[in-house]
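Asks: Here you go, one structure.
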Amino acid sequence: MKALITGASSGIGRDIARELHSRGYEIIAVARRRERLDELKKELANVEIMCADVTKDEDIERISARAEEVDIFVNNAGFGTFGEFNGTDTGEELSMIDTNIRAVHLLMKAFVKEFKKRGSGHILNVASLAAFFPGPLFATYYATKAYVLRLSLAVSEELRRSKSKVKISVLCPGPVNTEFSDVAGMSFGVDKFRAARLVVLDSRKVAKYTVKKMLKGKKVIVPSFLMKAVIFSRHFFSETFLARIIYKVQNMKFIRGEK
């Protein structure tokens, strides 16, 4: 059994690689940072590393070419940028769209085609709790994750109706303690604020829960009762009201990283 994971050099991607490896899967770990991939290769046996940038067409083709030999594809590569829309860097946002939407779309299509032809396989797309909400101060990131969620659910239904055994899951975690916040230019404040420690999840625990649910064919994976309650609560409020609340939450000191 073999699994291919993008964004495997850190965070949830790395910990999903660890979890699948502990279950006996050979791992193809894909990421841009060679040094981080080398560290993972030293840690785990039966790991093949592939340096690739999912914003480049030639690298998407290289990854897609491996679909024939894997049983699980984890579409994890992604990042976010924090700040007001009129102040964030347009080039960085376009790169985010290429990574979080275009690459996810193209890779998912390639693996769906191969898995459906074979009649088996699991695809895990990594979205976010953000997929369910408007996201002021994180507007583009929230929008990209909404795309991932909706695409995953739609294609999953197509596969179900065609009686395919291919399964698509989408992971929608809330805040997770990874490098994501550093890249995004914000902070969850787990070292300073008690409230943050109650909300932010451990990446390894998220990975273990996610793999368990994915292998059982769960469509939408939300690894926290609190986050499940947050998603459910959105039905009681207008989108305008939610946007106002989310702005206030994301403007809090522990999100902004201030003392």
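Every chain in the structure tokens takes a letter, A first, then B, and so on in the order presented; its residues are numbered from 1, and the ligands are numbered from 1 following the presented order.
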Quick one: residues within 12 Å of Leu129 (chain A), only C-alpha atoms, excluding same-chain residues fewer than 5 positions away - as a compact mmCIF listing (two decimals) with N, CA and C atoms, in the first residue's frame?
Replies:
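Contents of out.txt, as written:
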# COMPACT_ATOMS: atom_id res chain seq x y z
N PRO A 134 -17.54 33.40 5.80
CA PRO A 134 -16.83 34.54 5.21
C PRO A 134 -15.65 34.87 6.12
N GLY A 135 -14.55 35.38 5.55
CA GLY A 135 -13.35 35.54 6.37
C GLY A 135 -12.65 36.87 6.26
N TYR A 141 -7.93 33.51 1.53
CA TYR A 141 -7.73 32.16 2.06
C TYR A 141 -9.07 31.47 2.31
N TYR A 142 -9.99 32.14 2.97
CA TYR A 142 -11.30 31.55 3.24
C TYR A 142 -11.99 31.16 1.93
N ALA A 143 -11.90 32.03 0.93
CA ALA A 143 -12.55 31.76 -0.35
C ALA A 143 -11.94 30.53 -1.03
N THR A 144 -10.60 30.38 -0.95
CA THR A 144 -9.97 29.21 -1.57
C THR A 144 -10.41 27.92 -0.90
N LYS A 145 -10.56 27.94 0.41
CA LYS A 145 -10.95 26.72 1.12
C LYS A 145 -12.41 26.36 0.89
N ALA A 146 -13.26 27.37 0.66
CA ALA A 146 -14.65 27.10 0.29
C ALA A 146 -14.69 26.36 -1.04
N VAL A 148 -12.40 24.31 -2.20
CA VAL A 148 -11.96 22.92 -1.95
C VAL A 148 -13.09 22.09 -1.37
N LEU A 149 -13.82 22.64 -0.40
CA LEU A 149 -14.92 21.92 0.21
C LEU A 149 -16.02 21.60 -0.80
N VAL A 170 -12.81 15.35 2.84
CA VAL A 170 -12.27 16.71 2.94
C VAL A 170 -12.09 17.05 4.41
N LEU A 171 -10.88 17.42 4.76
CA LEU A 171 -10.54 17.76 6.14
C LEU A 171 -10.78 19.24 6.37
N CYS A 172 -11.56 19.56 7.41
CA CYS A 172 -11.89 20.95 7.74
C CYS A 172 -11.57 21.22 9.20
N PRO A 173 -10.29 21.35 9.54
CA PRO A 173 -9.93 21.61 10.93
C PRO A 173 -10.08 23.09 11.26
N GLY A 174 -10.20 23.37 12.55
CA GLY A 174 -10.07 24.74 13.02
C GLY A 174 -8.60 25.04 13.17
N PRO A 175 -8.21 25.94 14.07
CA PRO A 175 -6.80 26.28 14.26
C PRO A 175 -5.98 25.06 14.70
N VAL A 176 -4.85 24.85 14.05
CA VAL A 176 -3.94 23.76 14.38
C VAL A 176 -2.56 24.36 14.60
N VAL A 220 -16.81 14.60 5.26
CA VAL A 220 -16.32 15.85 5.84
C VAL A 220 -15.78 15.54 7.23
N ILE A 221 -14.50 15.82 7.42
CA ILE A 221 -13.82 15.47 8.67
C ILE A 221 -13.52 16.75 9.44
N VAL A 222 -14.11 16.87 10.61
CA VAL A 222 -13.90 18.03 11.49
C VAL A 222 -13.41 17.50 12.83
N PRO A 223 -12.12 17.60 13.12
CA PRO A 223 -11.54 16.93 14.29
C PRO A 223 -11.64 17.70 15.60
N SER A 224 -12.83 18.13 15.94
CA SER A 224 -13.03 18.82 17.22
C SER A 224 -14.52 19.02 17.44
N LEU A 226 -15.84 21.12 19.46
CA LEU A 226 -16.09 22.57 19.50
C LEU A 226 -16.24 23.13 18.09
N MET A 227 -15.37 22.70 17.17
CA MET A 227 -15.45 23.21 15.80
C MET A 227 -16.71 22.70 15.09
N LYS A 228 -17.13 21.49 15.41
CA LYS A 228 -18.39 20.98 14.86
C LYS A 228 -19.55 21.85 15.34
N ALA A 229 -19.50 22.25 16.60
CA ALA A 229 -20.55 23.11 17.14
C ALA A 229 -20.53 24.49 16.46
N VAL A 230 -19.33 24.99 16.19
CA VAL A 230 -19.20 26.28 15.51
C VAL A 230 -19.82 26.21 14.11
N ILE A 231 -19.55 25.13 13.40
CA ILE A 231 -20.11 24.95 12.05
C ILE A 231 -21.63 24.88 12.12
N PHE A 232 -22.14 24.13 13.07
CA PHE A 232 -23.60 23.99 13.21
C PHE A 232 -24.25 25.34 13.55
N ARG A 234 -23.64 28.24 12.60
CA ARG A 234 -23.74 29.22 11.52
C ARG A 234 -25.14 29.28 10.91
N ILE A 246 -16.58 37.25 12.82
CA ILE A 246 -15.29 36.68 12.46
C ILE A 246 -14.22 37.78 12.37
Asks: Could you name the residues that touch region 110-126 of chain A at 6 Å or less, counting only C-alpha atoms, but leaving out those on the same chain fewer than 4 positions away, as a list in words?
Replies: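 Non-adjacent residues within range: Ser64, Ala67, Asp71, Ile72, Phe73, Val74, Asn75, Asn76, Lys165, Val166, Lys167, Ile168, Ser169, Val170 and Leu171 of chain A.
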Asks: Produce a table with one row for each residue of region 23-87 of chain A that has an atom at most 10 Å from any atom of region 13-16 of chain A, each row naming the nearest atom pair and its distance in Å at one decimal; use only C-alpha atoms; arrange rows by chain and rising residue number; format as CSV.
Replies:
residue,atom,partner,partner_atom,distance
A:Ala29,CA,A:Arg14,CA,8.2
A:Val30,CA,A:Gly13,CA,9.4
A:Ala31,CA,A:Gly13,CA,9.5
A:Arg36,CA,A:Arg14,CA,9.6
A:Leu37,CA,A:Arg14,CA,9.2
A:Leu40,CA,A:Arg14,CA,7.8
A:Val74,CA,A:Gly13,CA,7.9
A:Asn75,CA,A:Gly13,CA,8.8
A:Asn76,CA,A:Gly13,CA,6.1
A:Ala77,CA,A:Gly13,CA,7.7
Asks: Taking the chain letters and numbering used in this document, name the residues of region 110-150 of chain A that DSSP puts in helix (DSSP H, G or I), as a list of chain:residue names.
Replies: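 DSSP-assigned helix (DSSP H, G or I) residues in region 110-150 of chain A: A:Ala110, A:Phe111, A:Val112, A:Lys113, A:Glu114, A:Phe115, A:Lys116, A:Lys117, A:Arg118, A:Leu129, A:Ala130, A:Ala131, A:Phe132, A:Ala139, A:Thr140, A:Tyr141, A:Tyr142, A:Ala143, A:Thr144, A:Lys145, A:Ala146, A:Tyr147, A:Val148, A:Leu149, A:Arg150.
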Asks: One decimal, in Å: what's the spacing between CA of Asp89 (chain A) and CA of Val200 (chain A)?
Replies: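 Interatomic distance here is 27.0 Å.
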